[in-house]
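Chemist: Okay, so here is target30.pdb, and as you'll see once you scroll down, it has PDB, C-alpha atoms.
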MODEL        1
ATOM      1  CA  MET A   6       0.000   0.000   0.000  1.00  0.00           C
ATOM      2  CA  GLU A   7       1.259   3.451  -0.894  1.00  0.00           C
ATOM      3  CA  ILE A   8       0.265   6.608   0.890  1.00  0.00           C
ATOM      4  CA  SER A   9       0.862  10.141  -0.341  1.00  0.00           C
ATOM      5  CA  THR A  10      -0.231  13.353   1.343  1.00  0.00           C
ATOM      6  CA  THR A  11      -0.886  16.704  -0.300  1.00  0.00           C
ATOM      7  CA  GLN A  12      -1.426  19.795   1.810  1.00  0.00           C
ATOM      8  CA  TYR A  13      -3.923  22.356   0.571  1.00  0.00           C
ATOM      9  CA  LYS A  14      -4.764  25.700   2.103  1.00  0.00           C
ATOM     10  CA  ARG A  15      -7.758  24.430   4.076  1.00  0.00           C
ATOM     11  CA  CYS A  16      -7.279  20.683   4.183  1.00  0.00           C
ATOM     12  CA  ASP A  17      -5.011  17.737   3.537  1.00  0.00           C
ATOM     13  CA  VAL A  18      -5.569  15.039   0.955  1.00  0.00           C
ATOM     14  CA  ILE A  19      -4.278  11.556   1.614  1.00  0.00           C
ATOM     15  CA  LYS A  20      -4.266   9.315  -1.408  1.00  0.00           C
ATOM     16  CA  ILE A  21      -3.985   5.591  -0.879  1.00  0.00           C
ATOM     17  CA  VAL A  22      -3.092   3.062  -3.535  1.00  0.00           C
ATOM     18  CA  GLY A  23      -3.620  -0.595  -2.753  1.00  0.00           C
ATOM     19  CA  ARG A  24      -5.489  -2.606  -0.155  1.00  0.00           C
ATOM     20  CA  ILE A  25      -6.277  -1.724   3.426  1.00  0.00           C
ATOM     21  CA  ASP A  26      -6.267  -4.742   5.716  1.00  0.00           C
ATOM     22  CA  SER A  27      -4.834  -5.782   9.078  1.00  0.00           C
ATOM     23  CA  TYR A  28      -1.335  -5.738   7.568  1.00  0.00           C
ATOM     24  CA  THR A  29      -1.464  -2.315   5.953  1.00  0.00           C
ATOM     25  CA  ALA A  30      -3.949  -0.471   8.183  1.00  0.00           C
ATOM     26  CA  PRO A  31      -1.318   0.385  10.851  1.00  0.00           C
ATOM     27  CA  ASN A  32       0.628   2.395   8.258  1.00  0.00           C
ATOM     28  CA  LEU A  33      -2.468   4.386   7.409  1.00  0.00           C
ATOM     29  CA  GLU A  34      -3.201   4.856  11.101  1.00  0.00           C
ATOM     30  CA  GLU A  35       0.289   6.247  11.640  1.00  0.00           C
ATOM     31  CA  GLU A  36      -0.089   8.731   8.780  1.00  0.00           C
ATOM     32  CA  LEU A  37      -3.470   9.950  10.004  1.00  0.00           C
ATOM     33  CA  LYS A  38      -2.307  10.214  13.634  1.00  0.00           C
ATOM     34  CA  SER A  39       0.684  12.227  12.496  1.00  0.00           C
ATOM     35  CA  LEU A  40      -1.549  14.719  10.696  1.00  0.00           C
ATOM     36  CA  ILE A  41      -3.787  15.118  13.728  1.00  0.00           C
ATOM     37  CA  GLU A  42      -0.849  15.485  16.115  1.00  0.00           C
ATOM     38  CA  ASN A  43       0.366  18.309  13.904  1.00  0.00           C
ATOM     39  CA  GLY A  44      -2.951  20.088  14.129  1.00  0.00           C
ATOM     40  CA  HIS A  45      -4.434  19.027  10.787  1.00  0.00           C
ATOM     41  CA  TYR A  46      -8.069  18.115  11.339  1.00  0.00           C
ATOM     42  CA  LYS A  47      -9.620  18.621   7.908  1.00  0.00           C
ATOM     43  CA  ILE A  48      -8.678  15.515   6.013  1.00  0.00           C
ATOM     44  CA  ILE A  49      -9.755  14.043   2.696  1.00  0.00           C
ATOM     45  CA  LEU A  50      -9.069  10.403   2.024  1.00  0.00           C
ATOM     46  CA  ASP A  51      -8.881   9.623  -1.691  1.00  0.00           C
ATOM     47  CA  LEU A  52      -9.856   5.967  -2.056  1.00  0.00           C
ATOM     48  CA  SER A  53     -10.097   5.864  -5.848  1.00  0.00           C
ATOM     49  CA  GLU A  54      -7.305   3.306  -6.050  1.00  0.00           C
ATOM     50  CA  VAL A  55      -8.266   1.227  -3.042  1.00  0.00           C
ATOM     51  CA  ASP A  56      -9.911  -1.998  -4.124  1.00  0.00           C
ATOM     52  CA  PHE A  57     -10.158  -3.686  -0.742  1.00  0.00           C
ATOM     53  CA  MET A  58     -10.859  -2.521   2.790  1.00  0.00           C
ATOM     54  CA  SER A  59     -11.456  -4.742   5.799  1.00  0.00           C
ATOM     55  CA  SER A  60     -12.980  -3.788   9.127  1.00  0.00           C
ATOM     56  CA  LYS A  61      -9.484  -2.997  10.435  1.00  0.00           C
ATOM     57  CA  GLY A  62      -9.319  -0.171   7.913  1.00  0.00           C
ATOM     58  CA  TRP A  63     -12.766   1.053   8.858  1.00  0.00           C
ATOM     59  CA  TRP A  64     -11.864   1.215  12.539  1.00  0.00           C
ATOM     60  CA  VAL A  65      -8.830   3.350  11.681  1.00  0.00           C
ATOM     61  CA  LEU A  66     -11.131   5.737   9.826  1.00  0.00           C
ATOM     62  CA  ILE A  67     -13.663   5.773  12.636  1.00  0.00           C
ATOM     63  CA  GLU A  68     -11.019   6.570  15.262  1.00  0.00           C
ATOM     64  CA  THR A  69      -9.703   9.312  12.972  1.00  0.00           C
ATOM     65  CA  GLN A  70     -13.197  10.715  12.503  1.00  0.00           C
ATOM     66  CA  LYS A  71     -13.666  10.813  16.276  1.00  0.00           C
ATOM     67  CA  ALA A  72     -10.433  12.775  16.643  1.00  0.00           C
ATOM     68  CA  THR A  73     -11.061  15.217  13.787  1.00  0.00           C
ATOM     69  CA  LYS A  74     -14.628  16.000  14.824  1.00  0.00           C
ATOM     70  CA  ARG A  75     -13.739  16.591  18.462  1.00  0.00           C
ATOM     71  CA  TYR A  76     -14.499  20.202  19.464  1.00  0.00           C
ATOM     72  CA  ASN A  77     -15.885  20.691  15.948  1.00  0.00           C
ATOM     73  CA  ARG A  78     -12.396  21.341  14.691  1.00  0.00           C
ATOM     74  CA  GLY A  79     -12.654  19.341  11.480  1.00  0.00           C
ATOM     75  CA  GLU A  80     -13.747  16.182   9.731  1.00  0.00           C
ATOM     76  CA  LEU A  81     -12.564  13.214   7.723  1.00  0.00           C
ATOM     77  CA  VAL A  82     -14.309  12.862   4.370  1.00  0.00           C
ATOM     78  CA  LEU A  83     -13.946  10.206   1.697  1.00  0.00           C
ATOM     79  CA  VAL A  84     -13.576  10.591  -2.045  1.00  0.00           C
ATOM     80  CA  ASN A  85     -14.168   8.091  -4.850  1.00  0.00           C
ATOM     81  CA  VAL A  86     -14.999   5.082  -2.728  1.00  0.00           C
ATOM     82  CA  GLN A  87     -15.229   2.078  -5.037  1.00  0.00           C
ATOM     83  CA  GLU A  88     -18.690   0.620  -5.364  1.00  0.00           C
ATOM     84  CA  ARG A  89     -17.972  -2.693  -3.654  1.00  0.00           C
ATOM     85  CA  ILE A  90     -16.422  -0.998  -0.653  1.00  0.00           C
ATOM     86  CA  ARG A  91     -19.342   1.429  -0.508  1.00  0.00           C
ATOM     87  CA  GLU A  92     -21.775  -1.456  -0.675  1.00  0.00           C
ATOM     88  CA  SER A  93     -20.096  -3.392   2.127  1.00  0.00           C
ATOM     89  CA  LEU A  94     -20.001  -0.223   4.218  1.00  0.00           C
ATOM     90  CA  SER A  95     -23.724   0.347   3.705  1.00  0.00           C
ATOM     91  CA  LEU A  96     -24.592  -3.291   4.355  1.00  0.00           C
ATOM     92  CA  VAL A  97     -23.129  -3.137   7.835  1.00  0.00           C
ATOM     93  CA  GLY A  98     -24.422   0.348   8.544  1.00  0.00           C
ATOM     94  CA  MET A  99     -21.189   2.277   8.769  1.00  0.00           C
ATOM     95  CA  ALA A 100     -21.848   4.580   5.819  1.00  0.00           C
ATOM     96  CA  SER A 101     -23.536   7.241   7.932  1.00  0.00           C
ATOM     97  CA  TYR A 102     -20.311   8.134   9.743  1.00  0.00           C
ATOM     98  CA  PHE A 103     -18.634   9.629   6.674  1.00  0.00           C
ATOM     99  CA  LYS A 104     -19.452  12.095   3.956  1.00  0.00           C
ATOM    100  CA  VAL A 105     -18.518  10.610   0.592  1.00  0.00           C
ATOM    101  CA  TYR A 106     -17.728  12.725  -2.455  1.00  0.00           C
ATOM    102  CA  ASP A 107     -17.467  11.587  -6.069  1.00  0.00           C
ATOM    103  CA  ASP A 108     -14.671  13.965  -6.958  1.00  0.00           C
ATOM    104  CA  LEU A 109     -11.778  15.609  -5.218  1.00  0.00           C
ATOM    105  CA  THR A 110     -12.757  19.154  -6.186  1.00  0.00           C
ATOM    106  CA  SER A 111     -16.091  18.883  -4.377  1.00  0.00           C
ATOM    107  CA  ALA A 112     -14.418  17.393  -1.330  1.00  0.00           C
ATOM    108  CA  VAL A 113     -11.827  20.157  -1.130  1.00  0.00           C
ATOM    109  CA  ALA A 114     -14.520  22.794  -1.657  1.00  0.00           C
ATOM    110  CA  SER A 115     -16.498  21.392   1.261  1.00  0.00           C
ATOM    111  CA  PHE A 116     -13.925  22.704   3.729  1.00  0.00           C
TER     112      PHE A 116
ATOM    113  CA  MET B  23     -10.986 -29.164  -3.706  1.00  0.00           C
ATOM    114  CA  THR B  24      -7.789 -27.239  -3.063  1.00  0.00           C
ATOM    115  CA  THR B  25      -5.992 -26.879   0.250  1.00  0.00           C
ATOM    116  CA  THR B  26      -3.130 -24.550   1.072  1.00  0.00           C
ATOM    117  CA  VAL B  27      -1.399 -23.687   4.327  1.00  0.00           C
ATOM    118  CA  PHE B  28      -0.480 -20.088   5.061  1.00  0.00           C
ATOM    119  CA  PRO B  29       1.710 -18.704   7.842  1.00  0.00           C
ATOM    120  CA  GLY B  30      -0.416 -17.055  10.505  1.00  0.00           C
ATOM    121  CA  ARG B  31       0.674 -13.470   9.980  1.00  0.00           C
ATOM    122  CA  TYR B  32      -1.063 -10.434   8.550  1.00  0.00           C
ATOM    123  CA  GLU B  33       1.334 -10.357   5.618  1.00  0.00           C
ATOM    124  CA  SER B  34      -0.340 -13.588   4.433  1.00  0.00           C
ATOM    125  CA  LEU B  35      -3.745 -11.953   4.073  1.00  0.00           C
ATOM    126  CA  SER B  36      -3.131 -10.702   0.552  1.00  0.00           C
ATOM    127  CA  ALA B  37      -2.113 -14.145  -0.693  1.00  0.00           C
ATOM    128  CA  ILE B  38      -5.015 -15.769   1.152  1.00  0.00           C
ATOM    129  CA  ARG B  39      -7.471 -13.381  -0.470  1.00  0.00           C
ATOM    130  CA  ASP B  40      -5.978 -13.926  -3.930  1.00  0.00           C
ATOM    131  CA  PHE B  41      -6.206 -17.691  -3.484  1.00  0.00           C
ATOM    132  CA  VAL B  42      -9.865 -17.572  -2.522  1.00  0.00           C
ATOM    133  CA  VAL B  43     -10.756 -15.034  -5.210  1.00  0.00           C
ATOM    134  CA  ASN B  44      -9.216 -17.258  -7.876  1.00  0.00           C
ATOM    135  CA  VAL B  45     -11.258 -20.232  -6.738  1.00  0.00           C
ATOM    136  CA  ALA B  46     -14.424 -18.157  -6.444  1.00  0.00           C
ATOM    137  CA  LYS B  47     -13.937 -16.682  -9.924  1.00  0.00           C
ATOM    138  CA  GLY B  48     -13.461 -20.163 -11.315  1.00  0.00           C
ATOM    139  CA  ALA B  49     -16.718 -21.146  -9.673  1.00  0.00           C
ATOM    140  CA  GLY B  50     -18.466 -18.285 -11.462  1.00  0.00           C
ATOM    141  CA  PHE B  51     -18.720 -15.688  -8.738  1.00  0.00           C
ATOM    142  CA  LYS B  52     -18.297 -12.080  -9.747  1.00  0.00           C
ATOM    143  CA  ASP B  53     -18.982  -8.470  -8.797  1.00  0.00           C
ATOM    144  CA  PHE B  54     -20.067  -7.924  -5.208  1.00  0.00           C
ATOM    145  CA  ASP B  55     -20.430 -11.640  -4.448  1.00  0.00           C
ATOM    146  CA  LEU B  56     -16.765 -12.078  -5.269  1.00  0.00           C
ATOM    147  CA  TYR B  57     -15.828  -9.195  -3.001  1.00  0.00           C
ATOM    148  CA  ALA B  58     -18.054 -10.571  -0.253  1.00  0.00           C
ATOM    149  CA  VAL B  59     -16.148 -13.855  -0.267  1.00  0.00           C
ATOM    150  CA  GLU B  60     -12.817 -12.021  -0.264  1.00  0.00           C
ATOM    151  CA  LEU B  61     -13.879  -9.831   2.638  1.00  0.00           C
ATOM    152  CA  ALA B  62     -15.296 -12.685   4.730  1.00  0.00           C
ATOM    153  CA  VAL B  63     -12.138 -14.759   4.388  1.00  0.00           C
ATOM    154  CA  ASP B  64      -9.929 -11.789   5.236  1.00  0.00           C
ATOM    155  CA  GLU B  65     -11.949 -11.033   8.356  1.00  0.00           C
ATOM    156  CA  ALA B  66     -11.892 -14.686   9.413  1.00  0.00           C
ATOM    157  CA  CYS B  67      -8.135 -15.009   8.984  1.00  0.00           C
ATOM    158  CA  SER B  68      -7.455 -11.709  10.752  1.00  0.00           C
ATOM    159  CA  ASN B  69      -9.499 -13.013  13.668  1.00  0.00           C
ATOM    160  CA  ILE B  70      -7.590 -16.300  13.702  1.00  0.00           C
ATOM    161  CA  ILE B  71      -4.283 -14.469  13.922  1.00  0.00           C
ATOM    162  CA  GLU B  72      -5.411 -11.924  16.486  1.00  0.00           C
ATOM    163  CA  HIS B  73      -7.672 -14.000  18.701  1.00  0.00           C
ATOM    164  CA  ALA B  74      -7.082 -17.711  18.140  1.00  0.00           C
ATOM    165  CA  TYR B  75      -3.314 -17.409  18.065  1.00  0.00           C
ATOM    166  CA  GLY B  76      -3.041 -14.234  20.102  1.00  0.00           C
ATOM    167  CA  GLY B  77      -0.696 -12.639  17.598  1.00  0.00           C
ATOM    168  CA  GLU B  78       1.397 -13.212  14.510  1.00  0.00           C
ATOM    169  CA  ASN B  79       3.735 -16.114  13.763  1.00  0.00           C
ATOM    170  CA  LYS B  80       2.228 -18.463  16.332  1.00  0.00           C
ATOM    171  CA  GLY B  81       0.647 -20.961  14.000  1.00  0.00           C
ATOM    172  CA  ASP B  82      -0.555 -21.675  10.487  1.00  0.00           C
ATOM    173  CA  ILE B  83      -3.890 -21.270   8.779  1.00  0.00           C
ATOM    174  CA  GLU B  84      -5.064 -24.145   6.629  1.00  0.00           C
ATOM    175  CA  LEU B  85      -7.431 -23.059   3.904  1.00  0.00           C
ATOM    176  CA  THR B  86      -9.573 -25.407   1.834  1.00  0.00           C
ATOM    177  CA  CYS B  87     -11.858 -24.281  -0.962  1.00  0.00           C
ATOM    178  CA  ASP B  88     -14.402 -26.399  -2.740  1.00  0.00           C
ATOM    179  CA  SER B  89     -17.099 -25.635  -5.221  1.00  0.00           C
ATOM    180  CA  THR B  90     -20.287 -27.520  -5.930  1.00  0.00           C
ATOM    181  CA  ASP B  91     -23.099 -26.829  -8.366  1.00  0.00           C
ATOM    182  CA  ARG B  92     -24.775 -24.766  -5.722  1.00  0.00           C
ATOM    183  CA  SER B  93     -22.119 -23.128  -3.644  1.00  0.00           C
ATOM    184  CA  LEU B  94     -18.569 -22.244  -2.713  1.00  0.00           C
ATOM    185  CA  ILE B  95     -17.374 -23.859   0.501  1.00  0.00           C
ATOM    186  CA  ILE B  96     -14.451 -22.374   2.389  1.00  0.00           C
ATOM    187  CA  VAL B  97     -12.933 -24.164   5.356  1.00  0.00           C
ATOM    188  CA  LEU B  98     -10.361 -22.572   7.633  1.00  0.00           C
ATOM    189  CA  ARG B  99      -8.523 -24.614  10.228  1.00  0.00           C
ATOM    190  CA  ASP B 100      -6.218 -23.380  12.977  1.00  0.00           C
ATOM    191  CA  ARG B 101      -4.616 -24.741  16.128  1.00  0.00           C
ATOM    192  CA  GLY B 102      -5.209 -21.706  18.300  1.00  0.00           C
ATOM    193  CA  ARG B 103      -7.536 -21.020  21.206  1.00  0.00           C
ATOM    194  CA  PRO B 104     -11.192 -21.869  20.683  1.00  0.00           C
ATOM    195  CA  PHE B 105     -13.833 -19.302  21.530  1.00  0.00           C
ATOM    196  CA  ASP B 106     -17.584 -19.042  21.884  1.00  0.00           C
ATOM    197  CA  PRO B 107     -18.892 -17.051  18.905  1.00  0.00           C
ATOM    198  CA  THR B 108     -22.319 -16.714  20.510  1.00  0.00           C
ATOM    199  CA  ILE B 109     -21.024 -14.395  23.216  1.00  0.00           C
ATOM    200  CA  ILE B 110     -19.455 -11.891  20.835  1.00  0.00           C
ATOM    201  CA  PRO B 111     -21.791  -8.913  20.719  1.00  0.00           C
ATOM    202  CA  GLU B 112     -22.785  -7.517  17.368  1.00  0.00           C
ATOM    203  CA  PRO B 113     -21.444  -4.018  16.790  1.00  0.00           C
ATOM    204  CA  ASN B 114     -24.116  -1.349  16.934  1.00  0.00           C
ATOM    205  CA  PHE B 115     -23.532   1.057  14.074  1.00  0.00           C
ATOM    206  CA  GLY B 116     -26.580   3.077  14.975  1.00  0.00           C
ATOM    207  CA  LEU B 117     -24.723   4.674  17.867  1.00  0.00           C
ATOM    208  CA  ASN B 118     -23.175   8.091  17.906  1.00  0.00           C
ATOM    209  CA  ILE B 119     -19.607   7.756  16.621  1.00  0.00           C
ATOM    210  CA  ASP B 120     -18.071   8.617  19.990  1.00  0.00           C
ATOM    211  CA  GLN B 121     -19.825   5.611  21.516  1.00  0.00           C
ATOM    212  CA  LEU B 122     -18.385   3.152  19.007  1.00  0.00           C
ATOM    213  CA  LYS B 123     -15.781   0.742  20.262  1.00  0.00           C
ATOM    214  CA  PRO B 124     -13.800  -1.648  18.042  1.00  0.00           C
ATOM    215  CA  GLY B 125     -14.554  -5.348  18.243  1.00  0.00           C
ATOM    216  CA  GLY B 126     -17.028  -7.807  16.813  1.00  0.00           C
ATOM    217  CA  ALA B 127     -17.070  -6.274  13.345  1.00  0.00           C
ATOM    218  CA  GLY B 128     -15.143  -9.129  11.736  1.00  0.00           C
ATOM    219  CA  LEU B 129     -17.564 -11.830  12.861  1.00  0.00           C
ATOM    220  CA  PHE B 130     -20.476  -9.596  11.968  1.00  0.00           C
ATOM    221  CA  LEU B 131     -19.110  -9.088   8.451  1.00  0.00           C
ATOM    222  CA  MET B 132     -18.535 -12.800   7.968  1.00  0.00           C
ATOM    223  CA  HIS B 133     -22.206 -13.476   8.699  1.00  0.00           C
ATOM    224  CA  LYS B 134     -23.322 -10.622   6.475  1.00  0.00           C
ATOM    225  CA  MET B 135     -21.137 -11.559   3.508  1.00  0.00           C
ATOM    226  CA  MET B 136     -21.595 -15.331   3.549  1.00  0.00           C
ATOM    227  CA  ASP B 137     -24.783 -17.387   3.531  1.00  0.00           C
ATOM    228  CA  GLU B 138     -23.698 -19.873   6.188  1.00  0.00           C
ATOM    229  CA  VAL B 139     -21.021 -19.713   8.888  1.00  0.00           C
ATOM    230  CA  TYR B 140     -20.216 -22.651  11.177  1.00  0.00           C
ATOM    231  CA  PHE B 141     -17.657 -23.068  13.913  1.00  0.00           C
ATOM    232  CA  ASP B 142     -16.395 -26.401  15.186  1.00  0.00           C
ATOM    233  CA  PHE B 143     -14.008 -26.602  18.112  1.00  0.00           C
ATOM    234  CA  SER B 144     -12.824 -30.143  18.761  1.00  0.00           C
ATOM    235  CA  ILE B 145      -9.989 -31.015  21.095  1.00  0.00           C
ATOM    236  CA  GLY B 146      -7.214 -32.498  19.039  1.00  0.00           C
ATOM    237  CA  SER B 147      -8.565 -31.408  15.658  1.00  0.00           C
ATOM    238  CA  GLY B 148      -8.169 -27.699  16.098  1.00  0.00           C
ATOM    239  CA  ASN B 149     -10.686 -25.002  15.283  1.00  0.00           C
ATOM    240  CA  VAL B 150     -12.609 -25.370  12.063  1.00  0.00           C
ATOM    241  CA  LEU B 151     -14.538 -22.537  10.463  1.00  0.00           C
ATOM    242  CA  THR B 152     -16.757 -23.344   7.495  1.00  0.00           C
ATOM    243  CA  MET B 153     -18.251 -20.578   5.381  1.00  0.00           C
ATOM    244  CA  ILE B 154     -20.604 -21.155   2.478  1.00  0.00           C
ATOM    245  CA  LYS B 155     -21.618 -18.774  -0.266  1.00  0.00           C
ATOM    246  CA  ASN B 156     -24.475 -19.922  -2.457  1.00  0.00           C
ATOM    247  CA  LYS B 157     -24.378 -19.368  -6.152  1.00  0.00           C
ATOM    248  CA  LYS B 158     -27.088 -17.247  -7.626  1.00  0.00           C
ATOM    249  CA  THR B 159     -29.542 -19.173  -9.770  1.00  0.00           C
ATOM    250  CA  GLU B 160     -27.969 -18.153 -13.075  1.00  0.00           C
ATOM    251  CA  LEU B 161     -24.560 -19.432 -11.884  1.00  0.00           C
ATOM    252  CA  SER B 162     -25.789 -22.825 -10.758  1.00  0.00           C
ATOM    253  CA  ASN B 163     -27.664 -23.565 -13.995  1.00  0.00           C
TER     254      ASN B 163
ENDMDL
END
Please, can you express the file's structure as C-alpha cells?

Modeler:
Amino acid sequence: MEISTTQYKRCDVIKIVGRIDSYTAPNLEEELKSLIENGHYKIILDLSEVDFMSSKGWWVLIETQKATKRYNRGELVLVNVQERIRESLSLVGMASYFKVYDDLTSAVASF
Amino acid sequence: MTTTVFPGRYESLSAIRDFVVNVAKGAGFKDFDLYAVELAVDEACSNIIEHAYGGENKGDIELTCDSTDRSLIIVLRDRGRPFDPTIIPEPNFGLNIDQLKPGGAGLFLMHKMMDEVYFDFSIGSGNVLTMIKNKKTELSN
C-alpha cells in the first residue's frame, strides 16, 4: 500500500493506492495520527485506487473521525470510494459516519 | 478441492485473499459476491491471527476451498484457542460515533457476507470454520 499526502490551504488530501487490511492499516493509522498530532483536522481520504478494505481499515477511519470532529475542529471525508467498498459499508451500517464525495474538487470545496 | 497452508501473519492476508478469489472466480462468482467472499475470508483469517493465536507467527492457517453446483465452501482450520462465537456482541452502528468501540465487526461481516457460517471446536482437531456462499440461480444452472 502506498500513501501520499498533499497539503492544501484548508485541508489535507491523503491518497492511498492498494489494499487496506490488518497488515497495511497500521501504516495508514500512523499517517493519520501524524496529521492530527500536527494540528491538521480537515482531512480528505482519496480511495479511488483502493480496491479492498477490511474492518481494520474502517476502525482506523472511525477513530480518525472521532479525533477530527472533536471540538468541531474538522472532519474526515472520503472521495471516490469504489462501489464494492461502498456497498459493504452500507450493508453493515457504517456509511452514515462519513461524507462521501465523487470527486476531489467537491471534497476540497467542502472545507 | 484445493488446500493450502499459510503462515499465521497479517502479511499472508493478501495471498489468502488472492487464493480464494481465484477459486471463487473459477466457480463463477463475480462483482459484489466475489468481493463478499474475499472480505469474509480476510476477516476470518485476521481473527484467527489476532484472537485464536493471540498474535502473529504463532501458528498456520489451513485453507480449503471447494465448489459444488450450488455453492462455494471455504474451510479454515487453525490450532489456536477456541472461543464461543455466541457471546461476541454484534457491533451497533446506529450509535453516535463517539460511543463506538472496536470489536465484533469481523464476525459480523462474515455473517453478512456469507450465507452460512459454522464453527467447530474439537480437542485435538483444532478449530474449524466453514463458510458457504451460495451461487445465484444463473450461476448454478

Chemist: Once you count all atoms listed in the file, which residues of chain A turn out to be within 7 Å of chain B? Could you give them as a VMD selection string?

Modeler: chain A and resid 27 to 28 59 to 60 64 71 89 98 to 99 102

Chemist: Taking all atoms listed in the file into account, which of A:Pro31, A:Ile49, A:Ser115, A:Ile25 comes nearest Gln12 in chain A?

Modeler: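 Among the listed residues, the smallest separation from Gln12 in chain A belongs to A:Ile49.
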
Chemist: Taking the file above as input, evaluate the PyMOL selection byres ((chain A and resi 16) around 9) and report the hits as a list in words.

Modeler: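 Output from the PyMOL selection byres ((chain A and resi 16) around 9), applied to this file: Thr11, Gln12, Tyr13, Lys14, Arg15, Asp17, Val18, His45, Tyr46, Lys47, Ile48, Ile49, Val113 and Phe116 of chain A.
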
Chemist: When you draw a straight line from CA of Tyr75 in chain B to CA of Leu94 in chain A, how long is it in Å?

Modeler: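 One can read the CA of Tyr75 in chain B to CA of Leu94 in chain A distance as 27.7 Å.
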
Chemist: Just how far from CA of Val22 in chain A is CA of Val55 in chain A, in Å to one decimal?

Modeler: 5.5 Å

Chemist: Can you list, as a tab-separated table (two decimals) with C-alpha atoms, keeping the file's coordinate frame, the residues that the PyMOL selection byres ((chain B and resi 80-95) around 7) selects here?

Modeler:
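So the final result, stored in out28.tsv, reads:
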chain	number	residue	atom	x	y	z
B	23	MET	CA	-10.99	-29.16	-3.71
B	24	THR	CA	-7.79	-27.24	-3.06
B	25	THR	CA	-5.99	-26.88	0.25
B	26	THR	CA	-3.13	-24.55	1.07
B	27	VAL	CA	-1.40	-23.69	4.33
B	28	PHE	CA	-0.48	-20.09	5.06
B	29	PRO	CA	1.71	-18.70	7.84
B	30	GLY	CA	-0.42	-17.06	10.50
B	46	ALA	CA	-14.42	-18.16	-6.44
B	49	ALA	CA	-16.72	-21.15	-9.67
B	75	TYR	CA	-3.31	-17.41	18.07
B	77	GLY	CA	-0.70	-12.64	17.60
B	78	GLU	CA	1.40	-13.21	14.51
B	79	ASN	CA	3.74	-16.11	13.76
B	96	ILE	CA	-14.45	-22.37	2.39
B	97	VAL	CA	-12.93	-24.16	5.36
B	98	LEU	CA	-10.36	-22.57	7.63
B	99	ARG	CA	-8.52	-24.61	10.23
B	100	ASP	CA	-6.22	-23.38	12.98
B	101	ARG	CA	-4.62	-24.74	16.13
B	153	MET	CA	-18.25	-20.58	5.38
B	154	ILE	CA	-20.60	-21.16	2.48
B	155	LYS	CA	-21.62	-18.77	-0.27
B	156	ASN	CA	-24.48	-19.92	-2.46
B	157	LYS	CA	-24.38	-19.37	-6.15
B	162	SER	CA	-25.79	-22.82	-10.76

Chemist: Report, in Å to a single decimal, how far apart CA of Leu151 in chain B and CA of Val139 in chain B are.

Modeler: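 CA of Leu151 in chain B lies at a distance of 7.2 Å from CA of Val139 in chain B.
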
Chemist: Can you spell out as a ChimeraX atom specification the set of residues that the PyMOL selection byres ((chain A and resi 20) around 7) selects in the structure I just provided?

Modeler: /A:8-10,18-19,21-22,50-52

Chemist: Between A:Val105, A:Arg75, A:Asp56, A:Ile67, single out the one closest to Ile90 in chain A, counting only C-alpha atoms.

Modeler: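 Using only C-alpha atoms, Ile90 in chain A sits closest to A:Asp56.
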
Chemist: Which one is closest to Val84 in chain A: A:Met58, A:Ala112, A:Val65, A:Leu96? Count only C-alpha atoms.

Modeler: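 Distance minimum relative to Val84 in chain A lands on A:Ala112.
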
Chemist: Neighbouring residues of Tyr106 in chain A were defined as those with any atom within 9 Å, considering all atoms listed in the file; residues of the same chain fewer than 2 positions away were excluded. Please report them as a ChimeraX atom specification.

Modeler: /A:82-86,104,108-112

Chemist: Using all atoms listed in the file, which residue out of B:Gly50, B:Gly76, B:Pro104, B:Phe41 lies closest to Asp142 in chain B?

Modeler: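 Residue with the minimum atom-to-atom distance to Asp142 in chain B: B:Pro104.
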